[in-house]
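Raw query-v1.cif, mmCIF, C-alpha atoms:
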data_model
loop_
_atom_site.label_atom_id
_atom_site.label_comp_id
_atom_site.auth_asym_id
_atom_site.auth_seq_id
_atom_site.Cartn_x
_atom_site.Cartn_y
_atom_site.Cartn_z
CA MET I 1 -39.12 -2.10 -28.76
CA ARG I 2 -38.50 0.75 -26.31
CA ASN I 3 -40.28 -1.11 -23.51
CA SER I 4 -38.23 -4.24 -24.24
CA ALA I 5 -34.98 -2.24 -24.19
CA LYS I 6 -35.99 -0.57 -20.90
CA LYS I 7 -36.81 -3.93 -19.32
CA GLN I 8 -33.49 -5.36 -20.48
CA ALA I 9 -31.61 -2.35 -19.07
CA THR I 10 -33.50 -2.67 -15.79
CA ARG I 11 -32.60 -6.36 -15.54
CA LYS I 12 -28.94 -5.58 -16.22
CA ARG I 13 -28.91 -2.90 -13.50
CA ARG I 14 -30.58 -5.27 -11.08
CA ARG I 15 -28.04 -8.01 -11.80
CA PHE I 16 -25.24 -5.46 -11.42
CA TRP I 17 -26.47 -4.33 -7.99
CA ILE I 18 -27.07 -7.89 -6.81
CA LEU I 19 -23.60 -8.99 -7.91
CA GLY I 20 -22.03 -5.82 -6.49
CA SER I 21 -23.77 -6.30 -3.13
CA PHE I 22 -22.67 -9.93 -2.99
CA LEU I 23 -19.03 -9.05 -3.75
CA LEU I 24 -19.13 -6.23 -1.19
CA LEU I 25 -20.36 -8.68 1.43
CA ILE I 26 -17.56 -11.11 0.57
CA GLY I 27 -15.04 -8.26 0.80
CA ILE I 28 -16.34 -7.24 4.23
CA LEU I 29 -16.09 -10.84 5.46
CA TYR I 30 -12.45 -11.04 4.28
CA ILE I 31 -11.44 -7.70 5.81
CA MET I 32 -13.27 -8.28 9.10
CA PRO I 33 -10.47 -10.29 10.82
CA VAL I 34 -7.94 -7.53 10.07
CA PHE I 35 -10.39 -4.88 11.29
CA LEU I 36 -10.96 -6.78 14.54
CA ILE I 37 -7.21 -7.14 15.09
CA VAL I 38 -6.67 -3.40 14.66
CA ILE I 39 -9.51 -2.26 16.94
CA ASN I 40 -8.53 -4.71 19.68
CA ALA I 41 -4.94 -3.48 19.58
CA PHE I 42 -6.21 -0.30 21.28
CA LYS I 43 -7.98 -2.10 24.14
CA PRO I 44 -6.64 -3.22 27.54
CA ASN I 45 -6.74 -6.96 28.17
CA SER I 46 -9.80 -6.73 30.43
CA GLU I 47 -11.78 -4.98 27.69
CA ILE I 48 -10.71 -7.58 25.10
CA MET I 49 -11.88 -10.38 27.37
CA LEU I 50 -15.18 -8.62 27.92
CA SER I 51 -15.98 -8.19 24.22
CA PHE I 52 -13.74 -8.91 21.25
CA LEU I 53 -16.23 -7.47 18.75
CA SER I 54 -16.87 -4.07 20.34
CA LEU I 55 -15.10 -0.83 19.47
CA PRO I 56 -12.50 0.44 21.96
CA LYS I 57 -13.75 2.88 24.58
CA SER I 58 -10.53 4.87 24.21
CA LEU I 59 -7.24 4.61 22.32
CA TYR I 60 -5.14 2.64 24.80
CA LEU I 61 -1.58 3.04 23.49
CA GLU I 62 0.23 1.32 26.35
CA ASN I 63 -0.24 -2.00 24.53
CA PHE I 64 2.09 -0.89 21.74
CA LYS I 65 4.75 0.54 24.05
CA GLU I 66 4.86 -2.55 26.25
CA ALA I 67 4.68 -4.97 23.31
CA MET I 68 7.61 -3.23 21.62
CA ARG I 69 9.64 -3.40 24.82
CA LEU I 70 8.93 -7.06 25.53
CA MET I 71 9.50 -8.09 21.90
CA ASN I 72 12.73 -6.10 21.61
CA PHE I 73 10.91 -4.76 18.58
CA TRP I 74 13.59 -2.81 16.72
CA VAL I 75 16.18 -5.60 16.95
CA ALA I 76 13.62 -8.16 15.76
CA PHE I 77 12.49 -5.74 13.04
CA LYS I 78 16.08 -5.37 11.81
CA ASN I 79 16.53 -9.16 11.74
CA THR I 80 13.27 -9.63 9.85
CA ALA I 81 14.17 -6.92 7.34
CA ILE I 82 17.61 -8.45 6.71
CA ILE I 83 16.09 -11.89 6.18
CA ALA I 84 13.33 -10.58 3.89
CA VAL I 85 15.56 -8.34 1.75
CA GLY I 86 18.33 -10.96 1.53
CA THR I 87 15.80 -13.61 0.55
CA VAL I 88 14.36 -11.38 -2.18
CA LEU I 89 17.78 -10.60 -3.68
CA LEU I 90 19.02 -14.20 -3.66
CA SER I 91 15.69 -15.73 -4.75
CA VAL I 92 15.25 -13.33 -7.66
CA ALA I 93 18.85 -13.79 -8.82
CA VAL I 94 18.67 -17.60 -8.72
CA SER I 95 15.18 -17.76 -10.25
CA TYR I 96 15.98 -15.38 -13.08
CA MET I 97 19.28 -16.98 -14.06
CA ALA I 98 17.83 -20.49 -13.91
CA ALA I 99 14.77 -19.46 -15.93
CA TYR I 100 16.98 -17.65 -18.47
CA GLY I 101 19.00 -20.82 -19.02
CA ILE I 102 15.89 -23.01 -19.25
CA SER I 103 14.22 -20.68 -21.75
CA HIS I 104 17.26 -20.88 -24.03
CA LEU I 105 17.53 -24.65 -24.00
CA LYS I 106 15.74 -26.61 -26.69
CA GLY I 107 13.52 -29.66 -26.73
CA LYS I 108 13.10 -32.12 -23.89
CA LEU I 109 16.08 -30.79 -21.95
CA SER I 110 14.32 -27.46 -21.42
CA ASP I 111 11.06 -29.20 -20.48
CA GLY I 112 12.88 -31.52 -18.09
CA PHE I 113 14.60 -28.73 -16.16
CA TYR I 114 11.39 -26.70 -16.08
CA LEU I 115 9.44 -29.67 -14.70
CA PHE I 116 12.17 -30.29 -12.12
CA PHE I 117 11.73 -26.79 -10.67
CA VAL I 118 7.93 -26.84 -10.90
CA LEU I 119 7.78 -30.11 -8.98
CA GLY I 120 9.60 -28.32 -6.18
CA GLN I 121 6.34 -26.53 -5.39
CA LEU I 122 4.74 -29.86 -4.50
CA VAL I 123 7.24 -30.46 -1.70
CA SER I 124 5.90 -29.17 1.61
CA ILE I 125 8.42 -27.65 3.99
CA HIS I 126 7.04 -29.86 6.76
CA ILE I 127 8.03 -33.02 4.87
CA VAL I 128 11.70 -32.05 4.63
CA MET I 129 11.99 -30.22 7.94
CA VAL I 130 14.04 -32.99 9.57
CA TYR I 131 16.49 -33.01 6.64
CA ILE I 132 16.74 -29.21 6.70
CA SER I 133 17.51 -29.29 10.41
CA VAL I 134 20.24 -31.92 9.92
CA MET I 135 21.70 -30.10 6.91
CA SER I 136 21.73 -26.72 8.66
CA THR I 137 23.54 -28.24 11.64
CA LYS I 138 26.12 -29.93 9.40
CA PHE I 139 26.86 -26.73 7.48
CA HIS I 140 26.76 -24.48 10.57
CA MET I 141 23.68 -22.61 9.36
CA ASN I 142 21.91 -22.62 12.73
CA ASN I 143 21.66 -19.29 14.53
CA THR I 144 22.60 -17.37 11.40
CA LEU I 145 20.53 -15.02 9.30
CA TRP I 146 22.30 -16.07 6.12
CA GLY I 147 21.27 -19.67 6.74
CA LEU I 148 17.60 -18.67 6.79
CA ILE I 149 18.10 -16.60 3.64
CA VAL I 150 19.63 -19.52 1.73
CA ILE I 151 16.90 -21.97 2.78
CA HIS I 152 14.12 -19.49 2.00
CA ALA I 153 15.65 -18.84 -1.42
CA GLY I 154 15.78 -22.57 -2.10
CA PHE I 155 12.07 -22.96 -1.49
CA ASN I 156 11.17 -19.79 -3.38
CA SER I 157 13.16 -20.59 -6.51
CA SER I 158 10.68 -23.15 -7.86
CA PHE I 159 7.92 -20.56 -8.00
CA GLY I 160 10.30 -17.92 -9.34
CA VAL I 161 11.56 -20.14 -12.16
CA MET I 162 8.03 -21.10 -13.16
CA THR I 163 6.93 -17.46 -13.25
CA TYR I 164 10.00 -16.13 -15.07
CA THR I 165 10.14 -18.87 -17.69
CA GLY I 166 6.76 -18.01 -19.19
CA PHE I 167 7.85 -14.41 -19.73
CA LEU I 168 11.33 -15.20 -21.00
CA LYS I 169 10.06 -17.58 -23.67
CA SER I 170 8.02 -14.72 -25.12
CA VAL I 171 11.03 -12.39 -25.49
CA PRO I 172 11.97 -12.19 -29.21
CA ARG I 173 15.26 -13.93 -29.93
CA GLU I 174 15.94 -11.35 -32.66
CA LEU I 175 16.41 -8.75 -29.92
CA GLU I 176 19.14 -10.80 -28.29
CA GLU I 177 20.78 -11.54 -31.63
CA ALA I 178 20.86 -7.83 -32.46
CA ALA I 179 22.50 -7.09 -29.10
CA ALA I 180 25.07 -9.82 -29.72
CA ILE I 181 25.90 -8.34 -33.14
CA ASP I 182 26.40 -4.96 -31.45
CA GLY I 183 29.06 -6.53 -29.23
CA CYS I 184 27.15 -7.46 -26.06
CA HIS I 185 28.25 -10.65 -24.37
CA GLU I 186 25.78 -13.10 -22.80
CA PHE I 187 25.80 -11.59 -19.30
CA GLN I 188 25.15 -8.10 -20.68
CA ILE I 189 22.27 -9.41 -22.80
CA MET I 190 20.79 -11.20 -19.79
CA THR I 191 21.05 -8.25 -17.38
CA GLN I 192 20.84 -5.14 -19.57
CA ILE I 193 18.60 -6.22 -22.47
CA VAL I 194 16.27 -8.97 -21.24
CA LEU I 195 15.95 -8.21 -17.53
CA PRO I 196 14.27 -4.78 -18.02
CA LEU I 197 11.69 -6.46 -20.27
CA VAL I 198 10.52 -8.72 -17.42
CA LYS I 199 10.16 -5.95 -14.84
CA PRO I 200 6.50 -6.86 -14.01
CA THR I 201 7.59 -10.40 -13.16
CA THR I 202 10.54 -9.18 -11.10
CA VAL I 203 8.32 -6.87 -9.04
CA THR I 204 5.69 -9.60 -8.61
CA VAL I 205 8.03 -12.30 -7.36
CA SER I 206 10.00 -9.81 -5.24
CA VAL I 207 6.90 -8.70 -3.35
CA LEU I 208 5.69 -12.27 -2.87
CA PHE I 209 9.11 -13.47 -1.71
CA PHE I 210 9.26 -10.55 0.73
CA LEU I 211 5.81 -11.34 2.15
CA TRP I 212 6.55 -15.06 2.49
CA SER I 213 9.86 -14.55 4.29
CA TRP I 214 8.47 -11.74 6.49
CA ASN I 215 5.60 -13.96 7.67
CA GLU I 216 7.64 -17.16 8.06
CA PHE I 217 7.42 -18.69 11.54
CA LEU I 218 8.37 -22.37 11.40
CA LEU I 219 11.92 -22.14 10.01
CA PRO I 220 13.11 -19.33 12.32
CA THR I 221 11.62 -21.15 15.31
CA ILE I 222 13.63 -24.28 14.54
CA LEU I 223 16.88 -22.75 13.27
CA ILE I 224 17.23 -19.63 15.43
CA GLY I 225 17.89 -20.13 19.14
CA ASN I 226 19.77 -16.89 19.79
CA ALA I 227 17.31 -14.31 21.13
CA LYS I 228 19.24 -11.48 19.45
CA LEU I 229 18.68 -13.03 16.00
CA ARG I 230 14.98 -13.84 16.27
CA PRO I 231 12.58 -12.21 13.79
CA LEU I 232 9.26 -10.60 14.68
CA THR I 233 7.12 -13.69 14.08
CA VAL I 234 9.08 -15.72 16.65
CA ASN I 235 9.07 -12.94 19.25
CA LEU I 236 5.30 -12.62 18.91
CA ASN I 237 5.01 -16.15 20.24
CA MET I 238 6.47 -15.07 23.58
CA PHE I 239 3.07 -13.63 24.56
CA LYS I 240 1.60 -17.15 24.56
CA SER I 241 2.28 -19.57 27.39
CA ALA I 242 0.79 -22.64 29.07
CA SER I 243 -0.84 -20.45 31.71
CA GLY I 244 -2.52 -18.11 29.23
CA THR I 245 -2.10 -15.53 26.48
CA GLU I 246 -1.47 -11.81 26.88
CA TRP I 247 -3.92 -10.90 24.14
CA ASN I 248 -3.48 -7.14 24.34
CA TYR I 249 0.30 -7.35 23.77
CA LEU I 250 0.01 -10.13 21.20
CA ILE I 251 -2.55 -8.21 19.12
CA ALA I 252 -0.63 -4.94 19.41
CA GLY I 253 2.61 -6.66 18.31
CA LEU I 254 0.77 -8.37 15.47
CA THR I 255 -0.61 -5.02 14.30
CA LEU I 256 2.88 -3.48 14.28
CA THR I 257 4.21 -6.47 12.34
CA LEU I 258 1.44 -6.21 9.73
CA ILE I 259 1.99 -2.53 8.91
CA PRO I 260 5.10 -2.88 6.64
CA ILE I 261 3.72 -5.77 4.58
CA PHE I 262 0.32 -4.10 4.32
CA LEU I 263 1.90 -0.93 2.92
CA LEU I 264 4.12 -2.91 0.56
CA TYR I 265 1.24 -4.97 -0.77
CA LEU I 266 -0.93 -1.87 -1.13
CA LEU I 267 1.73 -0.14 -3.25
CA ALA I 268 2.52 -3.18 -5.40
CA GLN I 269 -0.86 -4.90 -5.75
CA ASN I 270 -1.28 -3.87 -9.40
CA TYR I 271 2.13 -5.31 -10.30
CA ILE I 272 1.31 -8.56 -8.49
CA THR I 273 -2.06 -9.02 -10.21
CA ASN I 274 -0.84 -8.06 -13.69
CA GLY I 275 2.38 -10.04 -13.38
CA LEU I 276 0.70 -13.26 -12.30
CA MET I 277 -2.04 -12.99 -14.94
CA SER I 278 0.41 -12.26 -17.75
CA GLY I 279 2.73 -15.04 -16.61
CA ALA I 280 -0.13 -17.54 -16.55
CA VAL I 281 -1.24 -16.56 -20.07
CA LYS I 282 2.28 -16.69 -21.51
CA SER I 283 3.10 -19.99 -19.84
#

Once you've parsed the file, please lay out its structure as structure tokens.
Amino acid sequence: MRNSAKKQATRKRRRFWILGSFLLLIGILYIMPVFLIVINAFKPNSEIMLSFLSLPKSLYLENFKEAMRLMNFWVAFKNTAIIAVGTVLLSVAVSYMAAYGISHLKGKLSDGFYLFFVLGQLVSIHIVMVYISVMSTKFHMNNTLWGLIVIHAGFNSSFGVMTYTGFLKSVPRELEEAAAIDGCHEFQIMTQIVLPLVKPTTVTVSVLFFLWSWNEFLLPTILIGNAKLRPLTVNLNMFKSASGTEWNYLIAGLTLTLIPIFLLYLLAQNYITNGLMSGAVKS
């Protein structure tokens, strides 16, 4: 019996190490592109052309200084931050209020509205890009940060409604009824009673909306022609031309652009994972 138990324990340890080694290898493969971007940000262009995979011979910081100057970094950073924060606030507000209404409807009406928003995730932005361009021109949304915020929020709301609805349907109605008996009106119940209960969802969708709007390239390229209103992703494209690419400046600018979203995701990764898993189970 002891020998059998030892053999079984040995097999379990072996499987554990094999699985762990495999997952470690997968993790290294996923992190490798980011690692290569960071190490090449500290190389001059000649060294990058010589070997993209080698470590830098020295920390060449001129790439960052020149990239920031050419990109007008702080102006572009401000524009990107305004777009990202504005998108988060508007997207969360619209998603939560829509999901709150859907979760309180009954029968097929609730299912119909929920399906309407969920189907919005099937619509690719590329399919409706012509219509967005025409609409933004008609409503004078071109060359405005608020125009980008409104359009981003429109695309984000389908995911936000889907995520919020699963949580809101699990909130006990008795809690809302007790608040109503105590004198709370509907808006107070929605914002002061129910909203704190769905904090994991709010953090999850807020971080994802921030990341999506921060990394967006297509919409700003089409809708923003004013150089003073361009976000970081559009200004990064200035290092590419028909005659070639200034890789050292492009990679340095890309590294600077990645730092805020990397820190944000690092701080909020537990909320994102837990929020999405809980939402999927409750839905």

- Message: As an exercise, work out the distance from atom CA of Val203 of chain I to atom CA of Lys106 of chain I in Å and give it to one decimal place.
- Response: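 Interatomic distance, atom CA of Val203 of chain I to atom CA of Lys106 of chain I: 27.5 Å.
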
Contacts of segment 20-116 of chain I with segment 250-269 of chain I up to 6 Å, shortest pair per row, all atoms listed in the file, as a Markdown table:
| residue | atom | partner | partner_atom | distance |
| --- | --- | --- | --- | --- |
| I:Ala41 | CA | I:Ala252 | CA | 4.6 |
| I:Asn63 | CA | I:Ala252 | CA | 5.9 |
| I:Phe64 | CA | I:Ala252 | CA | 5.4 |
| I:Ala67 | CA | I:Gly253 | CA | 5.7 |

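Here atom CA of Leu90 of chain I stands at a distance of 24.9 Å from atom CA of Leu109 of chain I.
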
- Query: I:Leu223, I:Leu36, I:Ile48, I:Leu24: which is nearest Thr144 of chain I, counting all atoms listed in the file?
  - Reply: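 For Thr144 of chain I, the nearest of the candidates is I:Leu223.
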
- Item | Contact residues around Ser58 of chain I with only C-alpha atoms at 12 Å, ignoring same-chain residues under 3 positions, as a list in words | Ile39, Asn40, Ala41, Phe42, Lys43, Pro44, Glu47, Ser54, Leu55, Leu61 and Glu62 of chain I

- Applied to this file, what does the PyMOL selection byres ((chain I and resi 168-177) around 10) return in terms of residues, put as a PyMOL selection string? chain I and resi 96+99-104+163-167+178-186+189-190+193-195+197-198+201+279+282-283

- Can you turn the PyMOL selection byres ((chain I and resi 233) around 7) into a concrete residue list for this file, as a VMD selection string? chain I and resid 215 to 217 231 to 232 234 to 237

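Rounded to one decimal, atom CA of Gly147 of chain I and atom CA of Val128 of chain I lie 15.8 Å from each other.
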
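For the structure in this document, the set picked by the PyMOL selection byres ((chain I and resi 141) around 12) is Ile132, Ser133, Val134, Met135, Ser136, Thr137, Lys138, Phe139, His140, Asn142, Asn143, Thr144, Leu145, Trp146, Gly147, Leu148, Ile149, Val150, Ile151, Leu219, Pro220, Ile222, Leu223, Ile224 and Gly225 of chain I.
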
- Step by step: start from the point (17.9, -9.1, 23.8) in the file's coordinates, keep every protein, DNA or RNA residue that has an atom no farther than 10 Å from it, count all atoms listed in the file, and write the set as a PyMOL selection string. chain I and resi 70-73+75-76+226-230

- Item | Close residues, segment 111-125 of chain I itself excluded, 7 Å, only C-alpha atoms, min 5 positions apart in chain, as number ranges by chain | I: 102, 158-159, 161-162

- I:Ala84, I:Gln188, I:Val130, I:Ser110: which is nearest Trp212 of chain I, counting all atoms listed in the file?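 Of all the options, I:Ala84 lies closest to Trp212 of chain I.
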
Kindly provide, as AutoDock Vina command-line options, the centre and edge lengths (Å, one decimal) of an axis-aligned box around all atoms of segment 212-227 of chain I given in the file, with 6 Å on each side.
--center_x 12.7 --center_y -18.0 --center_z 11.8 --size_x 26.2 --size_y 24.5 --size_z 30.6
